[in-house]
Amino acid sequence: MGSSLQLRISLQVNMEEMWFQQDGATAHTARASITVVRQMFPQHVVSRFGDVPWPPCSPDLSACDFFRWGYLKSKVYVRKPSTVDNLKVSIREEIANVPREMLVNVMQNFEERLRTC
């Protein structure tokens with residue numbers, strides 16, 4: 001059984017409703033990469049060379065891109081971690097301390113972004 005089929009079965013994901021947003025990195029737009037992505041997400045590829053054009057440097061839809069990384073950076077670097085280990089500990093602690101209400105708001109905003117697009 002192929003790994004994509006296993007993913008569909010184990011997560012019970014309807015791949016026909018799933019969209020793939022590609023980040024525009026050069027390696028990810030190689031013909032071989034795009035071919036695989038198009039097979040996995042037929043007519044549902046948002047990318048520079050996808051079914052829905054996505055220009056470089058445009059805002060991302062993913063909650064990690066539009067919220068989490070900026071939020072974590074603002075929290076973690078207040079502590080000024082001096083080692084990689086301190087940085088990792090700070091990141092883990094700040095992730096654990098994100099208020100639940102904030103995550104609910106972020107996901108509601110995510111849904112609004114999807115509807116807008």
# chains A, B, ... in the order shown; residues from 1 in each chain; ligands from 1
$ residues_around --residues "segment 105-115 of chain A" --least-positions-apart "6" --cutoff "12 Å" --atoms "only C-alpha atoms" --output "PyMOL selection string"
chain A and resi 19+21+59-68+71+98-99
$ write_last_selection --atoms "N, CA and C atoms" --output "compact mmCIF listing (two decimals), in the first residue's frame"
# COMPACT_ATOMS: atom_id res chain seq x y z
N TRP A 19 -6.49 20.81 -0.46
CA TRP A 19 -5.71 21.70 -1.33
C TRP A 19 -4.27 21.69 -0.85
N GLN A 21 -0.89 24.07 -0.81
CA GLN A 21 -0.30 25.38 -1.07
C GLN A 21 1.21 25.22 -1.02
N PRO A 59 0.85 36.74 0.91
CA PRO A 59 0.58 36.24 2.26
C PRO A 59 0.16 34.78 2.23
N ASP A 60 0.61 34.05 3.20
CA ASP A 60 0.28 32.63 3.27
C ASP A 60 -1.03 32.43 4.02
N LEU A 61 -1.67 31.31 3.76
CA LEU A 61 -2.92 30.99 4.42
C LEU A 61 -2.71 30.19 5.70
N SER A 62 -1.61 29.51 5.81
CA SER A 62 -1.40 28.63 6.95
C SER A 62 -1.24 29.41 8.25
N ALA A 63 -1.87 28.88 9.31
CA ALA A 63 -1.80 29.54 10.62
C ALA A 63 -0.36 29.64 11.12
N CYS A 64 0.46 28.66 10.79
CA CYS A 64 1.87 28.73 11.20
C CYS A 64 2.56 29.91 10.54
N ASP A 65 2.25 30.16 9.28
CA ASP A 65 2.92 31.25 8.57
C ASP A 65 2.40 32.62 8.98
N PHE A 66 1.08 32.79 9.11
CA PHE A 66 0.59 34.13 9.38
C PHE A 66 0.52 34.44 10.87
N PHE A 67 0.67 33.45 11.73
CA PHE A 67 0.58 33.72 13.16
C PHE A 67 1.74 33.14 13.98
N ARG A 68 1.84 31.83 13.97
CA ARG A 68 2.67 31.16 14.97
C ARG A 68 4.13 31.60 14.98
N TYR A 71 4.59 35.17 16.32
CA TYR A 71 4.23 35.22 17.74
C TYR A 71 5.32 34.58 18.58
N VAL A 98 0.79 29.06 24.81
CA VAL A 98 -0.13 29.82 23.96
C VAL A 98 -1.54 29.59 24.50
N PRO A 99 -2.26 30.69 24.84
CA PRO A 99 -3.61 30.51 25.39
C PRO A 99 -4.56 29.87 24.38
$ residues_around --residues "segment 29-40 of chain A" --least-positions-apart "2" --cutoff "9 Å" --atoms "only C-alpha atoms" --output "list of chain:residue names"
A:Ser4, A:Met15, A:Phe20, A:Gln22, A:Asp23, A:Gly24, A:Ala25, A:Thr26, A:Ala27, A:Pro42, A:Gln43, A:His44, A:Val45, A:Ser47, A:Arg48, A:Phe49, A:Gly50, A:Asp51
$ write_last_selection --atoms "C-alpha atoms" --output "PDB file, in the first residue's frame"
ATOM      1  CA  SER A   4      -0.392   8.521   0.381  1.00  0.00           C
ATOM      2  CA  MET A  15      -8.113  14.053  -0.645  1.00  0.00           C
ATOM      3  CA  PHE A  20      -1.935  21.960  -1.454  1.00  0.00           C
ATOM      4  CA  GLN A  22       3.291  25.309  -2.286  1.00  0.00           C
ATOM      5  CA  ASP A  23       5.712  27.804  -0.760  1.00  0.00           C
ATOM      6  CA  GLY A  24       7.560  28.783  -3.940  1.00  0.00           C
ATOM      7  CA  ALA A  25      10.965  27.448  -2.924  1.00  0.00           C
ATOM      8  CA  THR A  26      12.967  26.580  -6.026  1.00  0.00           C
ATOM      9  CA  ALA A  27      13.390  22.911  -5.110  1.00  0.00           C
ATOM     10  CA  PRO A  42      -5.385  16.942  -8.853  1.00  0.00           C
ATOM     11  CA  GLN A  43      -6.652  20.431  -9.769  1.00  0.00           C
ATOM     12  CA  HIS A  44      -5.957  21.565  -6.178  1.00  0.00           C
ATOM     13  CA  VAL A  45      -2.426  22.959  -6.299  1.00  0.00           C
ATOM     14  CA  SER A  47       1.577  27.448  -6.494  1.00  0.00           C
ATOM     15  CA  ARG A  48       3.569  29.572  -8.887  1.00  0.00           C
ATOM     16  CA  PHE A  49       3.135  26.763 -11.445  1.00  0.00           C
ATOM     17  CA  GLY A  50      -0.053  25.292  -9.995  1.00  0.00           C
ATOM     18  CA  ASP A  51      -3.724  25.190 -10.863  1.00  0.00           C
TER      19      ASP A  51
END
$ atom_distance --atom1 "atom CA of Glu101 of chain A" --atom2 "atom CA of Gly70 of chain A"
17.6 Å
$ select_by_dssp --residues "segment 21-53 of chain A" --states "alpha helix (DSSP H)" --output "list of chain:residue names"
A:Arg31, A:Ala32, A:Ser33, A:Ile34, A:Thr35, A:Val36, A:Val37, A:Arg38, A:Gln39, A:Met40
$ write_last_selection --atoms "N, CA and C atoms" --output "PDB file, in the first residue's frame"
ATOM      1  N   ARG A  31      10.173  20.255 -11.796  1.00  0.00           N
ATOM      2  CA  ARG A  31       9.163  19.468 -12.528  1.00  0.00           C
ATOM      3  C   ARG A  31       8.792  18.185 -11.799  1.00  0.00           C
ATOM      4  N   ALA A  32       9.805  17.490 -11.296  1.00  0.00           N
ATOM      5  CA  ALA A  32       9.530  16.218 -10.610  1.00  0.00           C
ATOM      6  C   ALA A  32       8.667  16.449  -9.368  1.00  0.00           C
ATOM      7  N   SER A  33       8.953  17.503  -8.618  1.00  0.00           N
ATOM      8  CA  SER A  33       8.173  17.804  -7.405  1.00  0.00           C
ATOM      9  C   SER A  33       6.739  18.160  -7.754  1.00  0.00           C
ATOM     10  N   ILE A  34       6.576  19.052  -8.718  1.00  0.00           N
ATOM     11  CA  ILE A  34       5.239  19.484  -9.118  1.00  0.00           C
ATOM     12  C   ILE A  34       4.428  18.322  -9.672  1.00  0.00           C
ATOM     13  N   THR A  35       5.075  17.422 -10.404  1.00  0.00           N
ATOM     14  CA  THR A  35       4.380  16.245 -10.957  1.00  0.00           C
ATOM     15  C   THR A  35       3.790  15.404  -9.831  1.00  0.00           C
ATOM     16  N   VAL A  36       4.573  15.154  -8.800  1.00  0.00           N
ATOM     17  CA  VAL A  36       4.100  14.351  -7.672  1.00  0.00           C
ATOM     18  C   VAL A  36       2.954  15.066  -6.955  1.00  0.00           C
ATOM     19  N   VAL A  37       3.125  16.356  -6.714  1.00  0.00           N
ATOM     20  CA  VAL A  37       2.093  17.121  -6.013  1.00  0.00           C
ATOM     21  C   VAL A  37       0.795  17.148  -6.817  1.00  0.00           C
ATOM     22  N   ARG A  38       0.899  17.319  -8.130  1.00  0.00           N
ATOM     23  CA  ARG A  38      -0.300  17.333  -8.980  1.00  0.00           C
ATOM     24  C   ARG A  38      -1.010  15.973  -8.964  1.00  0.00           C
ATOM     25  N   GLN A  39      -0.245  14.885  -8.865  1.00  0.00           N
ATOM     26  CA  GLN A  39      -0.862  13.556  -8.788  1.00  0.00           C
ATOM     27  C   GLN A  39      -1.608  13.382  -7.470  1.00  0.00           C
ATOM     28  N   MET A  40      -1.033  13.913  -6.397  1.00  0.00           N
ATOM     29  CA  MET A  40      -1.650  13.767  -5.078  1.00  0.00           C
ATOM     30  C   MET A  40      -2.850  14.700  -4.888  1.00  0.00           C
TER      31      MET A  40
END
$ residues_around --residues "Val78 of chain A" --least-positions-apart "5" --cutoff "12 Å" --atoms "only C-alpha atoms" --output "list in words"
Tyr71, Leu72, Lys73, Leu87, Ser90, Ile91 and Glu94 of chain A
$ atom_distance --atom1 "atom CA of Met102 of chain A" --atom2 "atom CA of Glu17 of chain A"
26.9 Å
$ atom_distance --atom1 "atom CA of Val104 of chain A" --atom2 "atom CA of Asn14 of chain A"
23.4 Å
$ residues_around --residues "Glu93 of chain A" --least-positions-apart "4" --cutoff "12 Å" --atoms "only C-alpha atoms" --output "mmCIF file with C-alpha atoms, in the first residue's frame"
data_model
loop_
_atom_site.group_PDB
_atom_site.id
_atom_site.type_symbol
_atom_site.label_atom_id
_atom_site.label_comp_id
_atom_site.auth_asym_id
_atom_site.auth_seq_id
_atom_site.Cartn_x
_atom_site.Cartn_y
_atom_site.Cartn_z
ATOM 1 C CA LEU A 72 6.781 32.698 18.965
ATOM 2 C CA LYS A 75 8.038 35.713 22.904
ATOM 3 C CA VAL A 76 11.202 33.607 22.660
ATOM 4 C CA ARG A 79 14.603 35.907 26.894
ATOM 5 C CA ASN A 86 18.175 27.415 25.582
ATOM 6 C CA LEU A 87 16.465 28.391 22.333
ATOM 7 C CA LYS A 88 14.820 24.963 22.026
ATOM 8 C CA VAL A 89 13.622 25.069 25.639
ATOM 9 C CA ASN A 97 1.858 28.571 26.959
ATOM 10 C CA VAL A 98 -0.132 29.817 23.959
#
